[in-house]
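Engineer: Got a structure here, written out as structure tokens. Questions coming.
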Amino acid sequence: MTTTPQGSGLKIMVIDDSSTIRRSAEIFLTQAGYQVVLAEDGFDALAKINDHQPALIFCDILMPRLDGYQTCALIKKSAKFHSTPVLMLSSKDGLFDRARGAMVGSAAYLTKPFTKDSLLAAVREHTAAASA
């Protein structure tokens, strides 16, 4: 498999307590030319975000200790990362979940299990909007 130049080395953080989801996202994103930072929960992500300064963040909703809504809200409250797009990941696809994600500042909502195409399309859409 060849690496396509579309990623241009942008750094993307994936926050999920499932090692399978983290690994799948890492493979898809790395193959597309992105740098990937993995975090297994909200606290882990908050510890890493300042060092890595990702251009985009995927955040699972259901996680132990600090859930995705709380993690997204904390990221969005930060002056440094307020404009960083946060895309929620969830196996739940209800209107309430989407609305709650929007209320804490998420840019979009991706349902798990995601496909390589849907993940990369979301990255392209939100990194293009951020750089426009």
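Scheme for the structure tokens: letters A, B, ... for chains in order shown; per-chain residue numbers from 1; ligand numbers from 1 in order shown.
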Near Leu46 in chain A, within 10 Å and counting only C-alpha atoms, which residues show up once chain neighbours fewer than 6 positions away are dropped, as a PyMOL selection string?

Structural biologist: chain A and resi 15+39+71-72+74-75

Engineer: Do you know which residues are at most 10 Å from range 53-63 of chain A counting only C-alpha atoms, after dropping those on the same chain fewer than 5 positions away, and could you put them as JSON, numbers by chain?

Structural biologist: {"A": [10, 11, 12, 13, 14, 15, 16, 17, 18, 21, 22, 25, 35, 36, 37, 38, 39, 40, 41, 42, 45, 48, 68, 69, 70, 71, 72, 75, 80, 81, 83, 84, 85, 86, 87, 88, 89, 90, 91, 92, 97, 101, 106, 107, 108, 109, 110, 111, 112, 119, 122, 123, 126, 127, 130, 131]}

Engineer: In Å, rounded to a single decimal, give me how far CA of Ala32 in chain A is from CA of Ser19 in chain A.

Structural biologist: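 Interatomic distance, CA of Ser19 in chain A to CA of Ala32 in chain A: 19.9 Å.
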
Engineer: CA of Thr30 in chain A to CA of Gly9 in chain A: how many Å, to one decimal?

Structural biologist: 9.1 Å
